[in-house]
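Source file: work_4.txt. Holds: compact mmCIF, C-alpha atoms and all ligand atoms.
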```txt
# COMPACT_ATOMS: atom_id res chain seq x y z
CA MET A 77 23.87 -2.74 -19.85
CA THR A 78 26.66 -5.34 -19.83
CA PRO A 79 25.46 -8.56 -21.51
CA ASP A 80 24.91 -11.43 -19.07
CA ARG A 81 24.35 -15.17 -19.46
CA TYR A 82 20.59 -14.69 -19.35
CA GLU A 83 20.36 -12.01 -22.02
CA ALA A 84 18.88 -14.25 -24.74
CA GLN A 85 16.29 -15.65 -22.30
CA ARG A 86 15.37 -12.13 -21.16
CA ARG A 87 14.86 -11.00 -24.77
CA ALA A 88 12.64 -14.04 -25.38
CA LEU A 89 10.57 -13.09 -22.33
CA ILE A 90 10.18 -9.52 -23.67
CA ASP A 91 8.87 -11.01 -26.94
CA GLN A 92 6.40 -13.09 -24.90
CA LEU A 93 5.21 -9.99 -23.03
CA ARG A 94 4.62 -8.30 -26.39
CA ASP A 95 2.72 -11.37 -27.66
CA ARG A 96 0.53 -11.18 -24.54
CA GLY A 97 -0.58 -7.65 -25.34
CA VAL A 98 1.97 -5.47 -23.55
CA ASP A 99 2.78 -2.77 -26.11
CA ASP A 100 3.97 0.07 -23.86
CA LEU A 101 7.60 0.51 -24.95
CA ASP A 102 8.68 2.06 -21.64
CA ILE A 103 7.42 -1.00 -19.75
CA LEU A 104 9.13 -3.41 -22.17
CA ALA A 105 12.39 -1.41 -21.92
CA ALA A 106 12.19 -1.46 -18.12
CA PHE A 107 11.75 -5.26 -18.08
CA ASP A 108 14.75 -5.50 -20.39
CA ALA A 109 16.87 -3.21 -18.22
CA ILE A 110 16.15 -4.86 -14.86
CA PRO A 111 17.50 -8.44 -14.76
CA ARG A 112 14.94 -10.52 -12.87
CA HIS A 113 17.50 -13.26 -12.09
CA ASP A 114 19.44 -10.88 -9.86
CA PHE A 115 16.37 -10.44 -7.62
CA LEU A 116 15.69 -14.17 -7.15
CA PRO A 117 17.25 -16.71 -4.74
CA GLU A 118 20.15 -18.65 -6.29
CA ALA A 119 18.17 -21.93 -6.37
CA VAL A 120 15.49 -20.56 -8.74
CA ARG A 121 17.58 -18.18 -10.87
CA HIS A 122 17.48 -20.54 -13.83
CA ARG A 123 13.68 -19.95 -13.90
CA ALA A 124 13.96 -16.15 -13.89
CA TYR A 125 12.83 -15.67 -17.48
CA GLU A 126 9.94 -18.12 -17.50
CA ASP A 127 6.66 -16.25 -17.68
CA ALA A 128 5.66 -17.74 -14.35
CA ALA A 129 5.45 -17.00 -10.63
CA VAL A 130 8.66 -18.23 -8.97
CA PRO A 131 9.10 -19.14 -5.26
CA ILE A 132 11.22 -16.67 -3.26
CA GLY A 133 10.95 -18.27 0.21
CA PHE A 134 8.65 -17.64 3.20
CA GLY A 135 5.78 -19.18 1.19
CA GLN A 136 5.86 -16.22 -1.23
CA THR A 137 6.44 -15.83 -4.96
CA ALA A 138 7.81 -13.31 -7.42
CA SER A 139 4.78 -12.60 -9.60
CA GLN A 140 4.36 -13.70 -13.23
CA PRO A 141 6.11 -11.11 -15.44
CA SER A 142 3.29 -10.81 -18.01
CA LEU A 143 0.78 -10.14 -15.23
CA GLN A 144 3.09 -7.52 -13.71
CA ALA A 145 3.63 -5.82 -17.08
CA TYR A 146 -0.09 -5.91 -17.85
CA SER A 147 -0.82 -4.40 -14.41
CA MET A 148 1.62 -1.56 -14.99
CA GLN A 149 0.05 -0.90 -18.37
CA LEU A 150 -3.41 -0.68 -16.77
CA LEU A 151 -2.05 1.84 -14.24
CA GLU A 152 -0.97 4.21 -17.09
CA LEU A 153 2.10 5.35 -15.14
CA THR A 154 3.83 8.62 -16.04
CA PRO A 155 7.37 9.75 -15.11
CA ASP A 156 5.99 12.23 -12.55
CA ASP A 157 3.94 9.66 -10.66
CA LYS A 158 4.31 8.79 -7.00
CA VAL A 159 3.62 5.07 -6.64
CA LEU A 160 2.85 2.88 -3.64
CA GLU A 161 3.54 -0.84 -4.03
CA VAL A 162 2.13 -3.31 -1.50
CA GLY A 163 4.11 -6.57 -1.44
CA THR A 164 7.75 -5.79 -2.26
CA GLY A 165 8.56 -9.52 -2.45
CA SER A 166 11.77 -9.97 -4.45
CA GLY A 167 11.97 -6.26 -5.28
CA HIS A 168 12.01 -6.96 -9.02
CA GLN A 169 8.69 -5.26 -9.72
CA THR A 170 9.79 -2.42 -7.41
CA ALA A 171 12.87 -1.92 -9.57
CA VAL A 172 10.83 -1.95 -12.79
CA LEU A 173 8.41 0.61 -11.28
CA SER A 174 11.37 2.81 -10.31
CA ARG A 175 12.09 3.32 -14.03
CA LEU A 176 8.50 4.23 -14.89
CA ALA A 177 7.65 6.64 -12.06
CA ASP A 178 9.26 9.46 -10.09
CA ARG A 179 9.15 7.86 -6.62
CA VAL A 180 8.23 4.38 -5.44
CA TYR A 181 7.21 3.52 -1.86
CA SER A 182 7.00 -0.21 -1.23
CA ILE A 183 5.73 -2.11 1.81
CA GLU A 184 6.50 -5.75 2.63
CA ARG A 185 5.18 -7.81 5.54
CA VAL A 186 8.17 -10.24 5.68
CA ARG A 187 11.24 -8.45 7.02
CA GLU A 188 13.76 -10.87 5.43
CA LEU A 189 12.29 -10.31 1.95
CA SER A 190 12.45 -6.55 2.38
CA ILE A 191 16.12 -6.76 3.42
CA ARG A 192 16.95 -8.93 0.39
CA ALA A 193 15.05 -6.57 -1.92
CA ARG A 194 16.96 -3.58 -0.49
CA GLU A 195 20.27 -5.34 -1.21
CA ALA A 196 19.26 -6.04 -4.82
CA LEU A 197 17.99 -2.48 -5.36
CA ASP A 198 21.27 -1.12 -3.96
CA ARG A 199 23.28 -3.36 -6.30
CA TRP A 200 21.42 -1.67 -9.18
CA ARG A 201 21.98 1.78 -7.62
CA ILE A 202 18.25 2.48 -7.57
CA THR A 203 17.77 5.54 -5.40
CA ASN A 204 14.14 6.61 -5.91
CA VAL A 205 12.65 3.75 -3.85
CA ALA A 206 11.77 3.73 -0.13
CA LEU A 207 10.98 0.41 1.57
CA LEU A 208 8.95 -0.24 4.70
CA VAL A 209 8.37 -3.44 6.67
CA GLY A 210 4.78 -3.54 7.87
CA ASP A 211 1.13 -4.04 7.04
CA GLY A 212 0.52 -2.59 3.57
CA THR A 213 -3.27 -2.91 3.90
CA ILE A 214 -3.19 0.36 5.83
CA GLY A 215 -0.98 2.02 3.21
CA TRP A 216 1.79 4.52 3.99
CA GLN A 217 0.04 7.66 5.13
CA ARG A 218 3.24 9.67 5.47
CA TYR A 219 3.76 9.97 1.68
CA ALA A 220 0.10 9.90 0.57
CA PRO A 221 -1.63 10.74 -1.69
CA TYR A 222 -0.40 8.42 -4.45
CA ASP A 223 -0.98 8.63 -8.21
CA ALA A 224 -0.93 4.84 -8.40
CA ILE A 225 -1.09 1.95 -5.94
CA LEU A 226 -0.17 -1.55 -7.07
CA VAL A 227 -1.02 -4.44 -4.75
CA ALA A 228 0.77 -7.73 -5.47
CA ALA A 229 -1.35 -9.91 -3.16
CA ALA A 230 -5.06 -10.78 -3.15
CA ALA A 231 -7.73 -9.31 -0.89
CA PRO A 232 -11.44 -10.03 -0.35
CA GLU A 233 -12.11 -6.36 -1.19
CA PRO A 234 -10.02 -3.23 -1.74
CA PRO A 235 -8.65 -1.94 1.59
CA LYS A 236 -10.37 1.36 2.44
CA ALA A 237 -7.08 2.90 3.59
CA LEU A 238 -5.62 2.40 0.10
CA LEU A 239 -8.63 3.99 -1.61
CA ASP A 240 -8.33 6.90 0.85
CA GLN A 241 -4.67 7.39 -0.05
CA LEU A 242 -5.35 7.84 -3.79
CA ALA A 243 -4.73 11.28 -5.28
CA GLU A 244 -7.40 12.85 -7.51
CA GLY A 245 -7.34 10.72 -10.68
CA GLY A 246 -5.22 8.15 -8.81
CA ARG A 247 -5.48 4.46 -9.67
CA LEU A 248 -5.43 1.39 -7.41
CA LEU A 249 -4.88 -2.02 -9.00
CA ILE A 250 -5.49 -5.05 -6.78
CA PRO A 251 -6.49 -8.72 -7.17
CA VAL A 252 -9.91 -9.04 -5.50
CA GLY A 253 -11.83 -12.24 -4.81
CA SER A 254 -11.58 -15.47 -2.83
CA ARG A 255 -8.34 -16.99 -1.56
CA GLU A 256 -8.31 -19.37 -4.53
CA MET A 257 -9.26 -17.13 -7.46
CA GLN A 258 -9.41 -13.39 -8.08
CA GLN A 259 -9.92 -10.71 -10.68
CA LEU A 260 -7.52 -7.82 -11.18
CA VAL A 261 -9.63 -4.75 -10.43
CA LEU A 262 -8.73 -1.15 -11.27
CA TYR A 263 -10.17 1.61 -9.06
CA ARG A 264 -9.84 5.28 -10.05
CA ARG A 265 -10.60 8.26 -7.80
CA ARG A 266 -12.85 10.93 -9.35
CA GLY A 267 -13.48 13.39 -6.53
CA GLU A 268 -15.51 11.56 -3.91
CA GLU A 269 -16.43 8.83 -6.41
CA ILE A 270 -14.46 5.68 -7.17
CA GLU A 271 -14.74 4.22 -10.69
CA THR A 272 -14.30 0.43 -10.91
CA VAL A 273 -13.05 -1.58 -13.89
CA ARG A 274 -12.85 -5.37 -13.60
CA THR A 275 -10.16 -6.98 -15.77
CA VAL A 276 -8.58 -10.45 -16.04
CA GLU A 277 -8.86 -13.43 -13.71
CA CYS A 278 -5.72 -14.23 -11.73
CA THR A 279 -4.34 -16.11 -8.71
CA PHE A 280 -2.15 -14.31 -6.17
CA VAL A 281 -0.89 -15.14 -2.68
CA PRO A 282 -3.16 -13.65 0.03
CA LEU A 283 -2.79 -10.11 1.32
CA LEU A 284 -2.53 -10.63 5.10
CA GLY A 285 -3.33 -7.71 7.35
CA ARG A 286 -5.83 -5.53 9.16
CA GLN A 287 -7.84 -4.62 6.03
CA ALA A 288 -7.58 -7.95 4.17
CA TRP A 289 -7.25 -11.63 5.21
CA PRO A 290 -6.32 -12.22 8.89
CA ASP A 291 -2.58 -12.49 9.47
CA PRO A 292 -1.91 -15.71 11.48
CA GLU A 293 1.30 -14.17 12.85
CA ARG A 294 -0.53 -11.06 14.12
CA PRO A 295 -4.02 -12.32 15.06
CA ASP A 296 -4.88 -9.07 16.84
CA GLY A 297 -3.82 -6.94 13.85
N1 LIG A 301 5.93 -8.02 -6.73
C1 LIG A 301 6.54 -9.05 -5.96
C2 LIG A 301 7.62 -9.74 -6.76
O1 LIG A 301 7.53 -9.76 -7.98
O2 LIG A 301 8.54 -10.28 -6.15
C3 LIG A 301 5.46 -10.02 -5.62
C4 LIG A 301 5.49 -10.53 -4.27
S1 LIG A 301 4.30 -11.72 -3.76
C5 LIG A 301 3.26 -12.16 -5.07
C6 LIG A 301 3.27 -10.78 -2.67
C7 LIG A 301 3.98 -10.22 -1.47
O3 LIG A 301 3.03 -9.54 -0.66
C8 LIG A 301 4.64 -11.26 -0.57
O4 LIG A 301 6.01 -10.99 -0.48
C9 LIG A 301 3.93 -11.10 0.78
O5 LIG A 301 4.78 -11.30 1.88
C10 LIG A 301 3.45 -9.66 0.68
N2 LIG A 301 2.34 -9.31 1.56
C11 LIG A 301 1.25 -10.03 1.92
N3 LIG A 301 0.45 -9.31 2.75
C12 LIG A 301 1.06 -8.11 2.92
C13 LIG A 301 0.76 -6.93 3.65
N4 LIG A 301 -0.35 -6.82 4.39
N5 LIG A 301 1.61 -5.88 3.59
C14 LIG A 301 2.74 -5.96 2.84
N6 LIG A 301 3.09 -7.04 2.13
C15 LIG A 301 2.26 -8.10 2.17
```

Would you mind writing the file out in C-alpha cells?
Ligand code: SAM
Amino acid sequence: MTPDRYEAQRRALIDQLRDRGVDDLDILAAFDAIPRHDFLPEAVRHRAYEDAAVPIGFGQTASQPSLQAYSMQLLELTPDDKVLEVGTGSGHQTAVLSRLADRVYSIERVRELSIRAREALDRWRITNVALLVGDGTIGWQRYAPYDAILVAAAAPEPPKALLDQLAEGGRLLIPVGSREMQQLVLYRRRGEEIETVRTVECTFVPLLGRQAWPDPERPDG
C-alpha cells in the first residue's frame, strides 16, 4: 500500500486494537490495509484513527474500531465464509470484512450512505461485496444461508429472519438490549437449536425496521 498522511496514526490504532485483546493477525492486517479515513466524510477524517464512533451524517456513526475488530474475532470468520452485514454505514467495516471472507452482502437503510459506501468500495477495487438498500432486519433471503451475520445496530432481540438465515454452524452477532445500553450477543445455529453467548456491554445506534425498533420513516413497515 502507498504510504499516506495517516499511516502513523493507523499503526497506532492497530497497536491499540492489540492492547484491547484483538490478536487475530488477519483482522489486524485487514484494519491496516483498509484506510478508515477514506470511508469517512471530509469533516471528520482527522478523527479516523481514534478508537471511537465517528459521525457519518443522517444521525449515524461509523462504529468504534476496537468493537468492530472484537466482533469479527468473535465471529471466527474463515476465507470461505459468506457474510451478511446489516448496517453498511460508511462501508469501512464492509471493506474489512471483504478481506476476511469470500463474499460479503451488506444492507443499509439510508440510501445516501449506501451510495457513498459503494463509491469508497469501488475506489479500493473491492469486488466481492454486494450492497442493498432496505430493511436488514428481514435479512437478504436471496443469498441465504450465511456463515456469519454481523449487525451494526442495536435491537430489542435478535430478528427471527436473521436467525433463520444462518447456515448450520452459522453465527449471528448483534447488540441486544434497550435503546440506551446493550450487550453484544453471539448466536450459533446447531441444527434446530440456537446457542447463545452474551459478551461485552456496548452502545449502538438503533436497528430500525420490521423486526427491531419501529422505523419512524416507515411506520407501517
Ligand atoms: N459498520 C458501520 C460503519 O462502521 O460505518 C456502522 C454503521 S452504524 C453504527 C449502523 C448503521 O445501521 C447505520 O448506517 C443505520 O442507518 C443502519 N441501519 C439501522 N437500521 C437498519 C436496518 N433495518 N437495515 C439496514 N441498516 C440499518

message: Let me see if you get this right: every residue at most 7 Å from ligand LIG 301 (chain A), counting all atoms listed in the file, written as JSON, numbers by chain.
response: {"A": [136, 137, 138, 139, 162, 163, 164, 165, 166, 167, 168, 169, 170, 183, 184, 185, 186, 189, 210, 211, 212, 213, 228, 229, 280, 281, 282, 283, 284, 285]}

query: Of the candidates A:Gln144, A:Gln259, A:Thr203, A:Ser182, which shows the shortest atom-to-atom distance to A:Cys278, using only C-alpha atoms?
result: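 Smallest distance to A:Cys278 is found for A:Gln259.
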
- request: Grab the atom CA of A:Leu151 to atom CA of A:Arg264 distance for me, in Å with one decimal place.
  value: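 Those two atoms sit 9.5 Å apart.
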
Which residues, written as an mmCIF file with C-alpha atoms, keeping the file's coordinate frame, have at least one atom at most 12 Å from A:Glu277, with all atoms listed in the file counted and residues fewer than 4 positions away on the same chain left out?
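The resulting file, selection-v2.cif, is shown below:
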```cif
data_model
loop_
_atom_site.group_PDB
_atom_site.id
_atom_site.type_symbol
_atom_site.label_atom_id
_atom_site.label_comp_id
_atom_site.auth_asym_id
_atom_site.auth_seq_id
_atom_site.Cartn_x
_atom_site.Cartn_y
_atom_site.Cartn_z
ATOM 1 C CA LEU A 143 0.780 -10.140 -15.230
ATOM 2 C CA ALA A 230 -5.060 -10.780 -3.150
ATOM 3 C CA ILE A 250 -5.490 -5.050 -6.780
ATOM 4 C CA PRO A 251 -6.490 -8.720 -7.170
ATOM 5 C CA VAL A 252 -9.910 -9.040 -5.500
ATOM 6 C CA GLY A 253 -11.830 -12.240 -4.810
ATOM 7 C CA SER A 254 -11.580 -15.470 -2.830
ATOM 8 C CA GLU A 256 -8.310 -19.370 -4.530
ATOM 9 C CA MET A 257 -9.260 -17.130 -7.460
ATOM 10 C CA GLN A 258 -9.410 -13.390 -8.080
ATOM 11 C CA GLN A 259 -9.920 -10.710 -10.680
ATOM 12 C CA LEU A 260 -7.520 -7.820 -11.180
ATOM 13 C CA VAL A 261 -9.630 -4.750 -10.430
#
```

query: Which distance in Å separates atom CA of A:Arg266 and atom CA of A:Leu207, to one decimal?
result: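 Atom-to-atom, atom CA of A:Arg266 and atom CA of A:Leu207 are spaced 28.2 Å apart.
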
A:Val205 surroundings by all atoms listed in the file, 12 Å radius, close-in-sequence under 5 positions cut, as a ChimeraX atom specification: /A:158-161,164,167-183,193-194,196-198,200

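Considering the residues A:Pro234, A:Pro117, A:Gly97, A:Pro221 and counting only C-alpha atoms, A:Leu150 has its shortest atom-to-atom contact with A:Gly97.
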
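The coordinates place atom CA of A:Glu195 at 22.9 Å from atom CA of A:Gly215.
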
Can you give me N, CA, C and O atoms for stretch 154-173 of chain A, written as a PDB file, in the coordinates of the input?
```pdb
ATOM      1  N   THR A 154       3.067   7.567 -15.354  1.00  0.00           N
ATOM      2  CA  THR A 154       3.830   8.620 -16.040  1.00  0.00           C
ATOM      3  C   THR A 154       5.075   8.917 -15.207  1.00  0.00           C
ATOM      4  O   THR A 154       5.111   8.627 -14.004  1.00  0.00           O
ATOM      5  N   PRO A 155       6.089   9.532 -15.820  1.00  0.00           N
ATOM      6  CA  PRO A 155       7.370   9.750 -15.110  1.00  0.00           C
ATOM      7  C   PRO A 155       7.255  10.639 -13.874  1.00  0.00           C
ATOM      8  O   PRO A 155       8.160  10.648 -13.048  1.00  0.00           O
ATOM      9  N   ASP A 156       6.150  11.376 -13.738  1.00  0.00           N
ATOM     10  CA  ASP A 156       5.990  12.230 -12.550  1.00  0.00           C
ATOM     11  C   ASP A 156       5.258  11.532 -11.414  1.00  0.00           C
ATOM     12  O   ASP A 156       5.052  12.122 -10.352  1.00  0.00           O
ATOM     13  N   ASP A 157       4.816  10.308 -11.641  1.00  0.00           N
ATOM     14  CA  ASP A 157       3.940   9.660 -10.660  1.00  0.00           C
ATOM     15  C   ASP A 157       4.654   9.253  -9.374  1.00  0.00           C
ATOM     16  O   ASP A 157       5.821   8.845  -9.380  1.00  0.00           O
ATOM     17  N   LYS A 158       3.887   9.332  -8.283  1.00  0.00           N
ATOM     18  CA  LYS A 158       4.310   8.790  -7.000  1.00  0.00           C
ATOM     19  C   LYS A 158       3.528   7.493  -6.815  1.00  0.00           C
ATOM     20  O   LYS A 158       2.289   7.511  -6.856  1.00  0.00           O
ATOM     21  N   VAL A 159       4.253   6.396  -6.643  1.00  0.00           N
ATOM     22  CA  VAL A 159       3.620   5.070  -6.640  1.00  0.00           C
ATOM     23  C   VAL A 159       3.817   4.384  -5.298  1.00  0.00           C
ATOM     24  O   VAL A 159       4.917   4.409  -4.740  1.00  0.00           O
ATOM     25  N   LEU A 160       2.754   3.751  -4.818  1.00  0.00           N
ATOM     26  CA  LEU A 160       2.850   2.880  -3.640  1.00  0.00           C
ATOM     27  C   LEU A 160       2.693   1.441  -4.119  1.00  0.00           C
ATOM     28  O   LEU A 160       1.742   1.130  -4.843  1.00  0.00           O
ATOM     29  N   GLU A 161       3.635   0.593  -3.723  1.00  0.00           N
ATOM     30  CA  GLU A 161       3.540  -0.840  -4.030  1.00  0.00           C
ATOM     31  C   GLU A 161       3.322  -1.583  -2.707  1.00  0.00           C
ATOM     32  O   GLU A 161       4.035  -1.321  -1.734  1.00  0.00           O
ATOM     33  N   VAL A 162       2.362  -2.492  -2.699  1.00  0.00           N
ATOM     34  CA  VAL A 162       2.130  -3.310  -1.500  1.00  0.00           C
ATOM     35  C   VAL A 162       2.548  -4.737  -1.850  1.00  0.00           C
ATOM     36  O   VAL A 162       1.968  -5.346  -2.764  1.00  0.00           O
ATOM     37  N   GLY A 163       3.568  -5.251  -1.133  1.00  0.00           N
ATOM     38  CA  GLY A 163       4.110  -6.570  -1.440  1.00  0.00           C
ATOM     39  C   GLY A 163       5.389  -6.435  -2.238  1.00  0.00           C
ATOM     40  O   GLY A 163       5.424  -6.757  -3.434  1.00  0.00           O
ATOM     41  N   THR A 164       6.461  -5.984  -1.571  1.00  0.00           N
ATOM     42  CA  THR A 164       7.750  -5.790  -2.260  1.00  0.00           C
ATOM     43  C   THR A 164       8.269  -7.109  -2.812  1.00  0.00           C
ATOM     44  O   THR A 164       8.846  -7.147  -3.911  1.00  0.00           O
ATOM     45  N   GLY A 165       8.092  -8.188  -2.030  1.00  0.00           N
ATOM     46  CA  GLY A 165       8.560  -9.520  -2.450  1.00  0.00           C
ATOM     47  C   GLY A 165      10.041  -9.492  -2.795  1.00  0.00           C
ATOM     48  O   GLY A 165      10.874  -9.069  -1.996  1.00  0.00           O
ATOM     49  N   SER A 166      10.362  -9.916  -4.020  1.00  0.00           N
ATOM     50  CA  SER A 166      11.770  -9.970  -4.450  1.00  0.00           C
ATOM     51  C   SER A 166      12.357  -8.587  -4.716  1.00  0.00           C
ATOM     52  O   SER A 166      13.573  -8.442  -4.796  1.00  0.00           O
ATOM     53  N   GLY A 167      11.485  -7.597  -4.927  1.00  0.00           N
ATOM     54  CA  GLY A 167      11.970  -6.260  -5.280  1.00  0.00           C
ATOM     55  C   GLY A 167      12.100  -6.054  -6.779  1.00  0.00           C
ATOM     56  O   GLY A 167      12.392  -4.939  -7.242  1.00  0.00           O
ATOM     57  N   HIS A 168      11.855  -7.109  -7.572  1.00  0.00           N
ATOM     58  CA  HIS A 168      12.010  -6.960  -9.020  1.00  0.00           C
ATOM     59  C   HIS A 168      10.992  -5.967  -9.597  1.00  0.00           C
ATOM     60  O   HIS A 168      11.336  -5.047 -10.334  1.00  0.00           O
ATOM     61  N   GLN A 169       9.724  -6.174  -9.203  1.00  0.00           N
ATOM     62  CA  GLN A 169       8.690  -5.260  -9.720  1.00  0.00           C
ATOM     63  C   GLN A 169       8.943  -3.821  -9.206  1.00  0.00           C
ATOM     64  O   GLN A 169       8.722  -2.848  -9.921  1.00  0.00           O
ATOM     65  N   THR A 170       9.450  -3.728  -7.972  1.00  0.00           N
ATOM     66  CA  THR A 170       9.790  -2.420  -7.410  1.00  0.00           C
ATOM     67  C   THR A 170      10.805  -1.715  -8.306  1.00  0.00           C
ATOM     68  O   THR A 170      10.680  -0.518  -8.600  1.00  0.00           O
ATOM     69  N   ALA A 171      11.813  -2.488  -8.723  1.00  0.00           N
ATOM     70  CA  ALA A 171      12.870  -1.920  -9.570  1.00  0.00           C
ATOM     71  C   ALA A 171      12.315  -1.493 -10.929  1.00  0.00           C
ATOM     72  O   ALA A 171      12.669  -0.436 -11.462  1.00  0.00           O
ATOM     73  N   VAL A 172      11.433  -2.313 -11.496  1.00  0.00           N
ATOM     74  CA  VAL A 172      10.830  -1.950 -12.790  1.00  0.00           C
ATOM     75  C   VAL A 172      10.010  -0.653 -12.614  1.00  0.00           C
ATOM     76  O   VAL A 172      10.129   0.290 -13.414  1.00  0.00           O
ATOM     77  N   LEU A 173       9.228  -0.594 -11.536  1.00  0.00           N
ATOM     78  CA  LEU A 173       8.410   0.610 -11.280  1.00  0.00           C
ATOM     79  C   LEU A 173       9.298   1.845 -11.131  1.00  0.00           C
ATOM     80  O   LEU A 173       8.915   2.941 -11.554  1.00  0.00           O
TER      81      LEU A 173
END
```
